[in-house]
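The file data-v2.cif contains mmCIF, C-alpha atoms:
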data_start
#
loop_
_atom_site.label_atom_id
_atom_site.label_comp_id
_atom_site.auth_asym_id
_atom_site.auth_seq_id
_atom_site.Cartn_x
_atom_site.Cartn_y
_atom_site.Cartn_z
CA MET A 1 25.14 2.72 -101.83
CA LYS A 2 27.38 3.40 -98.82
CA ARG A 3 25.21 3.31 -95.72
CA PHE A 4 25.34 5.68 -92.79
CA PRO A 5 25.74 4.01 -89.38
CA PHE A 6 22.61 5.62 -87.91
CA PRO A 7 19.08 5.92 -89.31
CA LEU A 8 18.45 8.64 -91.91
CA ASP A 9 15.44 9.04 -94.18
CA VAL A 10 17.26 10.88 -96.99
CA GLU A 11 19.83 9.67 -99.49
CA ALA A 12 22.12 12.71 -99.34
CA PRO A 13 21.98 14.12 -95.80
CA LEU A 14 22.74 17.77 -95.17
CA TYR A 15 24.89 18.35 -92.08
CA LEU A 16 25.36 21.52 -90.07
CA ALA A 17 29.11 21.69 -89.50
CA PRO A 18 30.62 21.86 -86.02
CA MET A 19 31.75 25.49 -85.55
CA ALA A 20 33.11 26.96 -82.33
CA GLY A 21 30.90 29.72 -80.98
CA VAL A 22 28.30 29.23 -83.72
CA SER A 23 26.84 25.71 -83.78
CA GLU A 24 25.50 25.97 -80.25
CA SER A 25 22.18 24.39 -79.32
CA PRO A 26 19.90 27.31 -80.38
CA PHE A 27 21.45 27.48 -83.86
CA ARG A 28 21.42 23.70 -84.22
CA ARG A 29 17.71 23.61 -83.36
CA LEU A 30 16.97 26.40 -85.83
CA CYS A 31 18.88 24.67 -88.63
CA ARG A 32 17.03 21.42 -87.94
CA ARG A 33 13.75 23.30 -88.35
CA PHE A 34 15.01 24.62 -91.67
CA GLY A 35 15.94 21.22 -93.02
CA ALA A 36 19.36 20.22 -91.69
CA ASP A 37 19.27 16.42 -91.48
CA VAL A 38 22.15 16.06 -89.01
CA VAL A 39 23.82 18.51 -86.63
CA VAL A 40 27.11 18.36 -84.75
CA THR A 41 28.14 20.18 -81.58
CA GLU A 42 30.88 22.77 -81.65
CA PHE A 43 34.22 21.03 -81.11
CA LEU A 44 34.97 20.32 -77.46
CA SER A 45 38.20 19.54 -75.66
CA ALA A 46 38.65 15.95 -74.53
CA GLU A 47 40.56 17.23 -71.51
CA GLY A 48 37.69 19.53 -70.56
CA ILE A 49 35.22 16.66 -70.87
CA ARG A 50 37.21 14.08 -68.91
CA ARG A 51 37.83 16.62 -66.13
CA GLU A 52 34.12 17.55 -66.23
CA ASN A 53 34.88 21.24 -66.69
CA ALA A 54 31.57 23.05 -66.13
CA ALA A 55 31.84 25.31 -69.19
CA THR A 56 32.69 22.38 -71.46
CA ILE A 57 29.98 20.11 -70.08
CA SER A 58 27.37 22.85 -70.52
CA LYS A 59 28.11 22.86 -74.26
CA LEU A 60 27.24 19.16 -74.45
CA ARG A 61 23.58 19.85 -73.68
CA PHE A 62 21.14 19.17 -76.50
CA GLY A 63 17.41 18.57 -76.91
CA ALA A 64 15.44 15.78 -78.54
CA ASP A 65 14.61 18.09 -81.46
CA GLU A 66 18.31 18.22 -82.36
CA ARG A 67 18.61 14.50 -83.10
CA PRO A 68 20.33 12.98 -84.95
CA ILE A 69 23.31 14.73 -83.41
CA GLY A 70 27.00 14.03 -83.08
CA VAL A 71 29.36 15.30 -80.40
CA GLN A 72 32.69 16.44 -81.79
CA ILE A 73 35.78 16.13 -79.60
CA PHE A 74 39.41 17.06 -80.15
CA GLY A 75 42.74 16.26 -78.55
CA ALA A 76 46.08 14.62 -79.20
CA ASP A 77 46.15 12.27 -76.20
CA ALA A 78 44.60 8.98 -77.32
CA ALA A 79 43.76 7.85 -73.77
CA ALA A 80 42.10 11.18 -72.93
CA MET A 81 40.09 11.04 -76.15
CA GLY A 82 38.89 7.56 -75.25
CA GLU A 83 37.85 8.68 -71.76
CA ALA A 84 36.00 11.68 -73.20
CA ALA A 85 34.17 9.46 -75.70
CA ALA A 86 33.10 7.07 -72.92
CA PHE A 87 31.82 9.97 -70.79
CA VAL A 88 29.84 11.49 -73.68
CA THR A 89 28.37 8.10 -74.54
CA ASP A 90 27.30 7.26 -71.01
CA VAL A 91 25.95 10.68 -70.03
CA PHE A 92 24.62 12.31 -73.22
CA HIS A 93 23.83 9.45 -75.66
CA PRO A 94 24.31 11.18 -79.03
CA GLU A 95 23.95 9.30 -82.31
CA PHE A 96 27.71 9.37 -82.97
CA ILE A 97 31.08 10.67 -81.78
CA ASP A 98 33.00 12.83 -84.24
CA ILE A 99 36.76 13.44 -84.02
CA ASN A 100 38.15 16.80 -85.12
CA PHE A 101 41.28 16.42 -87.23
CA GLY A 102 40.51 19.55 -89.22
CA CYS A 103 40.58 22.64 -87.01
CA PRO A 104 43.41 24.95 -88.19
CA VAL A 105 43.31 27.41 -85.25
CA LYS A 106 46.70 28.01 -83.60
CA LYS A 107 45.63 27.44 -80.00
CA VAL A 108 44.33 23.98 -81.00
CA VAL A 109 47.14 22.82 -83.29
CA ARG A 110 49.77 24.13 -80.84
CA ARG A 111 48.96 21.05 -78.75
CA ASN A 112 48.78 18.83 -81.86
CA GLY A 113 44.97 18.88 -81.69
CA GLY A 114 42.68 19.36 -84.70
CA SER A 115 44.63 19.42 -87.96
CA GLY A 116 47.85 19.28 -85.94
CA CYS A 117 47.31 15.52 -85.66
CA LEU A 118 47.73 15.22 -89.43
CA LYS A 119 51.48 15.61 -89.03
CA ASP A 120 51.49 12.11 -87.50
CA LEU A 121 49.14 9.57 -89.06
CA ARG A 122 50.11 6.98 -86.44
CA LEU A 123 48.71 9.39 -83.83
CA VAL A 124 45.55 9.80 -85.93
CA GLN A 125 45.02 6.04 -85.92
CA ASP A 126 45.80 5.72 -82.21
CA VAL A 127 43.22 8.40 -81.39
CA ILE A 128 40.55 6.79 -83.57
CA ARG A 129 41.16 3.32 -82.14
CA SER A 130 41.03 4.65 -78.59
CA VAL A 131 37.74 6.44 -79.21
CA ALA A 132 36.20 3.51 -81.10
CA GLY A 133 37.24 1.13 -78.33
CA SER A 134 35.62 3.31 -75.67
CA THR A 135 32.12 3.63 -77.13
CA HIS A 136 29.47 1.50 -78.81
CA LEU A 137 28.48 4.54 -80.90
CA PRO A 138 29.67 5.02 -84.47
CA VAL A 139 32.87 7.06 -84.69
CA THR A 140 33.24 9.60 -87.50
CA CYS A 141 35.87 12.22 -88.23
CA LYS A 142 36.54 15.45 -90.07
CA ILE A 143 39.89 16.00 -91.77
CA ARG A 144 41.70 18.45 -93.99
CA SER A 145 43.77 17.43 -97.02
CA GLY A 146 46.97 17.52 -95.01
CA TRP A 147 49.07 19.66 -92.70
CA SER A 148 50.86 21.47 -95.54
CA GLU A 149 51.22 21.35 -99.31
CA GLU A 150 54.24 19.07 -98.88
CA MET A 151 52.15 16.66 -96.77
CA ARG A 152 48.98 16.98 -98.85
CA ASP A 153 47.53 13.49 -99.40
CA PRO A 154 43.83 13.33 -98.49
CA VAL A 155 43.32 9.82 -99.88
CA ALA A 156 46.12 8.34 -97.76
CA ILE A 157 44.86 10.16 -94.66
CA ALA A 158 41.28 9.05 -95.30
CA LEU A 159 42.29 5.42 -95.83
CA GLN A 160 44.20 5.42 -92.54
CA CYS A 161 41.09 6.81 -90.80
CA GLN A 162 38.87 4.15 -92.37
CA ASP A 163 41.30 1.37 -91.42
CA ALA A 164 41.31 2.58 -87.79
CA GLY A 165 37.53 2.32 -87.51
CA VAL A 166 35.94 5.55 -88.74
CA ARG A 167 32.43 4.96 -90.12
CA VAL A 168 31.84 8.32 -91.89
CA LEU A 169 34.52 10.79 -93.01
CA THR A 170 34.22 14.50 -93.82
CA LEU A 171 36.85 16.18 -95.98
CA HIS A 172 37.50 19.92 -96.11
CA PRO A 173 39.90 19.95 -99.07
CA ARG A 174 42.33 22.58 -97.89
CA THR A 175 45.55 22.08 -95.93
CA ARG A 176 46.02 23.48 -92.45
CA THR A 177 48.52 26.05 -93.72
CA GLN A 178 45.92 27.33 -96.21
CA MET A 179 43.52 28.08 -93.35
CA TYR A 180 40.52 29.45 -95.33
CA THR A 181 42.45 31.01 -98.22
CA GLY A 182 42.36 29.89 -101.82
CA SER A 183 39.72 27.50 -103.10
CA ALA A 184 38.60 24.16 -101.73
CA ARG A 185 39.74 21.45 -104.16
CA TRP A 186 36.56 19.48 -104.66
CA ASP A 187 38.38 17.03 -106.94
CA GLU A 188 40.06 15.74 -103.77
CA ILE A 189 36.63 14.98 -102.30
CA ALA A 190 35.86 12.94 -105.43
CA ALA A 191 39.14 11.05 -105.07
CA VAL A 192 38.41 10.19 -101.44
CA VAL A 193 34.87 9.10 -102.33
CA ALA A 194 36.31 6.72 -104.93
CA ALA A 195 38.91 5.31 -102.53
CA LEU A 196 36.78 4.66 -99.44
CA ASP A 197 34.14 2.05 -98.62
CA ILE A 198 32.41 4.35 -96.09
CA PRO A 199 30.25 7.43 -96.69
CA VAL A 200 32.20 10.62 -97.38
CA LEU A 201 30.84 14.10 -96.69
CA GLY A 202 32.00 17.07 -98.73
CA ASN A 203 32.73 20.38 -97.03
CA GLY A 204 34.17 23.69 -98.17
CA ASP A 205 33.17 26.76 -100.20
CA ILE A 206 29.42 26.20 -99.99
CA LYS A 207 27.93 29.68 -99.91
CA MET A 208 24.64 29.06 -101.72
CA PRO A 209 22.32 26.07 -102.26
CA GLU A 210 23.57 25.80 -105.83
CA ASP A 211 27.11 25.26 -104.54
CA ALA A 212 25.98 22.29 -102.45
CA VAL A 213 24.19 20.71 -105.39
CA ARG A 214 27.20 21.23 -107.64
CA MET A 215 29.50 19.63 -105.04
CA HIS A 216 27.22 16.62 -104.80
CA ARG A 217 27.09 16.25 -108.57
CA GLU A 218 30.83 16.76 -109.18
CA THR A 219 32.20 14.65 -106.32
CA GLY A 220 29.62 11.92 -105.72
CA CYS A 221 29.82 12.64 -101.99
CA ALA A 222 27.29 10.78 -99.83
CA GLY A 223 26.31 13.95 -97.99
CA ILE A 224 27.15 17.62 -97.67
CA MET A 225 28.38 19.50 -94.62
CA ILE A 226 27.52 23.20 -94.65
CA ALA A 227 29.50 25.60 -92.47
CA ARG A 228 29.79 29.33 -93.14
CA GLY A 229 27.09 29.16 -95.81
CA SER A 230 24.58 28.77 -92.97
CA PHE A 231 25.59 32.04 -91.27
CA GLY A 232 22.55 34.31 -91.26
CA GLN A 233 20.69 32.01 -93.65
CA PRO A 234 19.66 28.76 -91.96
CA TRP A 235 17.10 28.33 -94.76
CA ILE A 236 20.00 27.24 -97.00
CA PHE A 237 19.24 23.66 -95.94
CA GLU A 238 15.63 23.54 -97.16
CA GLN A 239 16.59 25.39 -100.34
CA THR A 240 19.35 22.86 -100.99
CA ARG A 241 16.94 19.98 -100.36
CA ASP A 242 14.54 21.50 -102.91
CA LEU A 243 17.25 21.50 -105.58
CA LEU A 244 18.52 18.01 -104.71
CA ALA A 245 14.95 16.72 -105.00
CA GLY A 246 14.49 18.38 -108.40
CA ARG A 247 12.02 20.95 -107.09
CA PRO A 248 12.13 24.71 -107.70
CA LYS A 249 14.12 26.39 -104.94
CA ARG A 250 11.86 28.20 -102.49
CA ASP A 251 12.36 31.96 -102.25
CA ASP A 252 14.62 33.64 -99.73
CA PRO A 253 12.67 35.07 -96.79
CA THR A 254 11.48 38.66 -97.11
CA VAL A 255 13.14 41.26 -94.87
CA ASP A 256 10.22 40.99 -92.42
CA GLU A 257 10.52 37.20 -92.39
CA ARG A 258 14.30 37.38 -92.00
CA PHE A 259 13.94 39.62 -88.97
CA ALA A 260 11.32 37.29 -87.48
CA ILE A 261 13.71 34.35 -87.87
CA ALA A 262 16.55 36.36 -86.30
CA LEU A 263 14.33 37.31 -83.34
CA ALA A 264 13.20 33.71 -82.85
CA HIS A 265 16.86 32.65 -82.87
CA ALA A 266 17.70 35.44 -80.40
CA ARG A 267 14.97 34.33 -78.00
CA MET A 268 16.22 30.74 -78.17
CA ALA A 269 19.73 31.96 -77.36
CA GLN A 270 18.40 34.06 -74.48
CA ASP A 271 16.52 31.09 -73.04
CA TYR A 272 19.58 28.86 -73.42
CA GLU A 273 22.08 31.15 -71.68
CA PRO A 274 21.57 32.05 -68.00
CA ASP A 275 23.37 35.40 -68.47
CA ARG A 276 20.98 37.48 -70.59
CA ARG A 277 23.39 40.35 -71.19
CA GLY A 278 26.13 37.89 -72.11
CA ALA A 279 23.73 36.10 -74.46
CA ALA A 280 22.91 39.38 -76.23
CA ILE A 281 26.57 40.31 -76.64
CA GLU A 282 27.46 36.83 -77.90
CA PHE A 283 24.53 36.99 -80.34
CA ARG A 284 25.78 40.17 -82.04
CA LYS A 285 27.72 38.20 -84.66
CA HIS A 286 24.55 36.38 -85.72
CA LEU A 287 22.73 39.71 -86.05
CA GLY A 288 25.45 40.98 -88.36
CA TRP A 289 25.07 37.90 -90.54
CA TYR A 290 21.27 38.15 -90.67
CA VAL A 291 21.34 41.72 -92.02
CA LYS A 292 24.23 41.25 -94.43
CA GLY A 293 23.27 42.43 -97.92
CA LEU A 294 20.28 44.54 -96.88
CA PRO A 295 20.08 48.17 -98.02
CA GLY A 296 21.66 50.29 -95.32
CA SER A 297 23.19 47.27 -93.62
CA ALA A 298 26.40 49.09 -92.59
CA GLY A 299 24.51 51.46 -90.28
CA LEU A 300 22.18 48.68 -89.19
CA ARG A 301 25.10 46.43 -88.25
CA LYS A 302 26.77 49.23 -86.34
CA ARG A 303 23.71 49.60 -84.13
CA LEU A 304 23.13 45.87 -83.73
CA HIS A 305 26.77 45.29 -82.78
CA ALA A 306 26.30 47.65 -79.83
CA VAL A 307 23.27 45.97 -78.23
CA SER A 308 23.47 44.59 -74.72
CA SER A 309 19.86 43.44 -74.55
CA LEU A 310 17.84 41.42 -77.01
CA ASP A 311 14.91 43.80 -76.41
CA GLU A 312 17.00 46.44 -78.18
CA VAL A 313 17.19 44.21 -81.23
CA GLU A 314 13.43 44.18 -81.74
CA ALA A 315 13.29 47.96 -81.49
CA ILE A 316 16.08 48.41 -84.05
CA PHE A 317 14.41 45.99 -86.46
CA PHE A 318 11.10 47.83 -86.06
CA GLU A 319 12.78 51.15 -86.81
CA TYR A 320 14.47 49.73 -89.89
CA LEU A 321 11.22 48.28 -91.28
CA ARG A 322 9.46 51.59 -90.66
CA ASP A 323 12.08 53.67 -92.46
CA ARG A 324 14.67 51.55 -94.22
CA GLU A 325 15.31 54.31 -96.79
CA ALA A 326 16.73 56.46 -94.00
CA PHE A 327 19.19 53.71 -93.05
CA ALA A 328 20.33 53.44 -96.66
CA ALA A 329 20.69 57.21 -96.94
CA ASP A 330 22.74 57.33 -93.72
CA ASP A 331 25.13 54.76 -95.16
CA ASP A 332 25.53 56.70 -98.39
CA VAL A 333 26.22 60.00 -96.63
CA ALA A 334 28.17 58.96 -93.54
CA GLN A 335 30.15 55.96 -94.75
CA PRO A 336 30.91 56.16 -98.48
CA GLY A 337 32.76 53.07 -99.59
CA VAL A 338 32.55 51.29 -96.24
CA ALA A 339 29.09 49.83 -96.80
CA SER A 340 30.13 48.07 -100.00
CA LEU A 341 33.17 46.64 -98.26
CA LEU A 342 31.05 45.22 -95.47
CA GLU A 343 28.56 43.79 -97.94
CA THR A 344 31.18 41.73 -99.72
CA ALA A 345 33.16 40.63 -96.68
CA ASP A 346 33.50 36.87 -96.32
CA VAL A 347 32.39 36.35 -92.74
#
The structure in this file should be written as structure tokens.
Amino acid sequence: MKRFPFPLDVEAPLYLAPMAGVSESPFRRLCRRFGADVVVTEFLSAEGIRRENAATISKLRFGADERPIGVQIFGADAAAMGEAAAFVTDVFHPEFIDINFGCPVKKVVRRNGGSGCLKDLRLVQDVIRSVAGSTHLPVTCKIRSGWSEEMRDPVAIALQCQDAGVRVLTLHPRTRTQMYTGSARWDEIAAVVAALDIPVLGNGDIKMPEDAVRMHRETGCAGIMIARGSFGQPWIFEQTRDLLAGRPKRDDPTVDERFAIALAHARMAQDYEPDRRGAAIEFRKHLGWYVKGLPGSAGLRKRLHAVSSLDEVEAIFFEYLRDREAFAADDDVAQPGVASLLETADV
């Protein structure tokens, strides 16, 4: 069995993926409570870290209840990445440093960061070696299958990462040019698993616990990284663990329980952010995810997406629980066709 470079008490760890604006400390803590074995910070700029930018440094904060945790950094300057890794190691002491070679967003790849690095595998190796040489912590990385279809070669990329010193590798089997379109090619995860001597995490197209279990079975991946499948349903981790352990999957929370979880998450976000109004506005996206699929969710989302105080959220939830049929009726009368579109949207 391929061993992870930090202590874990499960054979197939479930990771919360690093996601900008989502995998902040409150959500990481919540997912840990619901069974995530490992969490990773949202990806952070090496330049922001080395210059000790206040906004960037604030996102490095984490609590003891989030461990084991990795800090993910991105950048195309090998020296800057090494400096950032040394700073994170000395000041924050996470379990590992993760390098982002997977982000497809334009503002990141424009500077050759994220998946932009995949156009130059020599640069990928230089970055990894610089980071590994600047910290005693294990270095891991997350990649895509290539920059484009013409450059698609996940096994070659993964081998170069392993040779440069990466101790765990995550593959999202899409190219950068695909963004999030099409389907993730899980067979590429299986090919990388077979080629590498280090643990490989599978990532991509996990929307339900059953998807995670199927990925594990079909690819032989050492662990599973869940991203958008955790939006509005952090309990996906404990449900996945049930299935991996051969137990019946526990039920989804009731509507009352779902709202209680959302409110607990909201309070954690409010306590974490000094600007309460800003925290409420930033939290709107989570509220939309928590109510997705509920009867009358179109009207409910519309109201939740207008809140500027988390106190308003509790009042709206109370009103919905008291008279949810009215919310459903309002959707049917006022927004024919729109509700169904919102329900099926891939957030």
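Each of A:Gln233, A:Ser145, A:Gln239, A:Ser45 was compared to Asp211 in chain A using only C-alpha atoms, and A:Gln239 turns out to be the nearest.
Distance-wise, CA of Phe43 in chain A and CA of Gln72 in chain A end up 4.9 Å apart.
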Point-to-point distance in Å for CA of Ser183 in chain A and CA of Asp242 in chain A: 25.9 Å
Got a sec: who's within 12 Å of Val166 in chain A, counting only C-alpha atoms, leaving out chain neighbours fewer than 5 positions off, as a ChimeraX atom specification? /A:4-5,96-99,124-133,137-143,157-161,196-200
Test item: axis-aligned box, all listed atoms of range 269-278 of chain A, 8 Å on each side, centre and edges in Å rounded to one decimal, as lines of an AutoDock Vina configuration file:
center_x = 21.3
center_y = 34.6
center_z = -72.7
size_x = 25.6
size_y = 27.5
size_z = 25.4
Taking the file as I've supplied it (selection: the PyMOL selection byres ((chain A and resi 255) around 10)), which residues are included? Please answer as a PDB file with C-alpha atoms, in the frame of the given file.
ATOM      1  CA  ASP A 252      14.620  33.640 -99.730  1.00  0.00           C
ATOM      2  CA  PRO A 253      12.670  35.070 -96.790  1.00  0.00           C
ATOM      3  CA  THR A 254      11.480  38.660 -97.110  1.00  0.00           C
ATOM      4  CA  ASP A 256      10.220  40.990 -92.420  1.00  0.00           C
ATOM      5  CA  GLU A 257      10.520  37.200 -92.390  1.00  0.00           C
ATOM      6  CA  ARG A 258      14.300  37.380 -92.000  1.00  0.00           C
ATOM      7  CA  PHE A 259      13.940  39.620 -88.970  1.00  0.00           C
ATOM      8  CA  ALA A 260      11.320  37.290 -87.480  1.00  0.00           C
ATOM      9  CA  ILE A 261      13.710  34.350 -87.870  1.00  0.00           C
ATOM     10  CA  TYR A 290      21.270  38.150 -90.670  1.00  0.00           C
ATOM     11  CA  VAL A 291      21.340  41.720 -92.020  1.00  0.00           C
ATOM     12  CA  LEU A 294      20.280  44.540 -96.880  1.00  0.00           C
ATOM     13  CA  PHE A 317      14.410  45.990 -86.460  1.00  0.00           C
ATOM     14  CA  TYR A 320      14.470  49.730 -89.890  1.00  0.00           C
ATOM     15  CA  LEU A 321      11.220  48.280 -91.280  1.00  0.00           C
TER      16      LEU A 321
END
Expressed in Å to a single decimal, how great is the separation between CA of Val307 in chain A and CA of Leu287 in chain A? 10.0 Å
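The smallest atom-to-atom distance between Ser23 in chain A and any of A:Phe74, A:Phe231, A:Phe6, A:Trp186, using all atoms listed in the file, is found for A:Phe231.
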What residues come out when you apply the PyMOL selection byres ((chain A and resi 277-280) around 10) to this file, written as a VMD selection string? chain A and resid 266 to 276 281 to 285 287 304 to 313
With distances taken over all atoms listed in the file, which residue among A:Leu263, A:Ala227, A:Ile316, A:Ala184 lies nearest Ser297 in chain A? A:Ile316
Written as a list in words, what is the full residue list that the PyMOL selection byres ((chain A and resi 235) around 10) yields on the file shown? Leu30, Cys31, Arg32, Arg33, Phe34, Gly35, Ala36, Pro209, Ser230, Phe231, Gly232, Gln233, Pro234, Ile236, Phe237, Glu238, Gln239, Thr240, Arg250, Asp251, Asp252, Pro253, Arg258 and Ile261 of chain A
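In this comparison, which uses all atoms listed in the file, the residue of A:His93, A:Arg303, A:Lys249, A:His265 approaching Pro68 in chain A most closely is A:His93.
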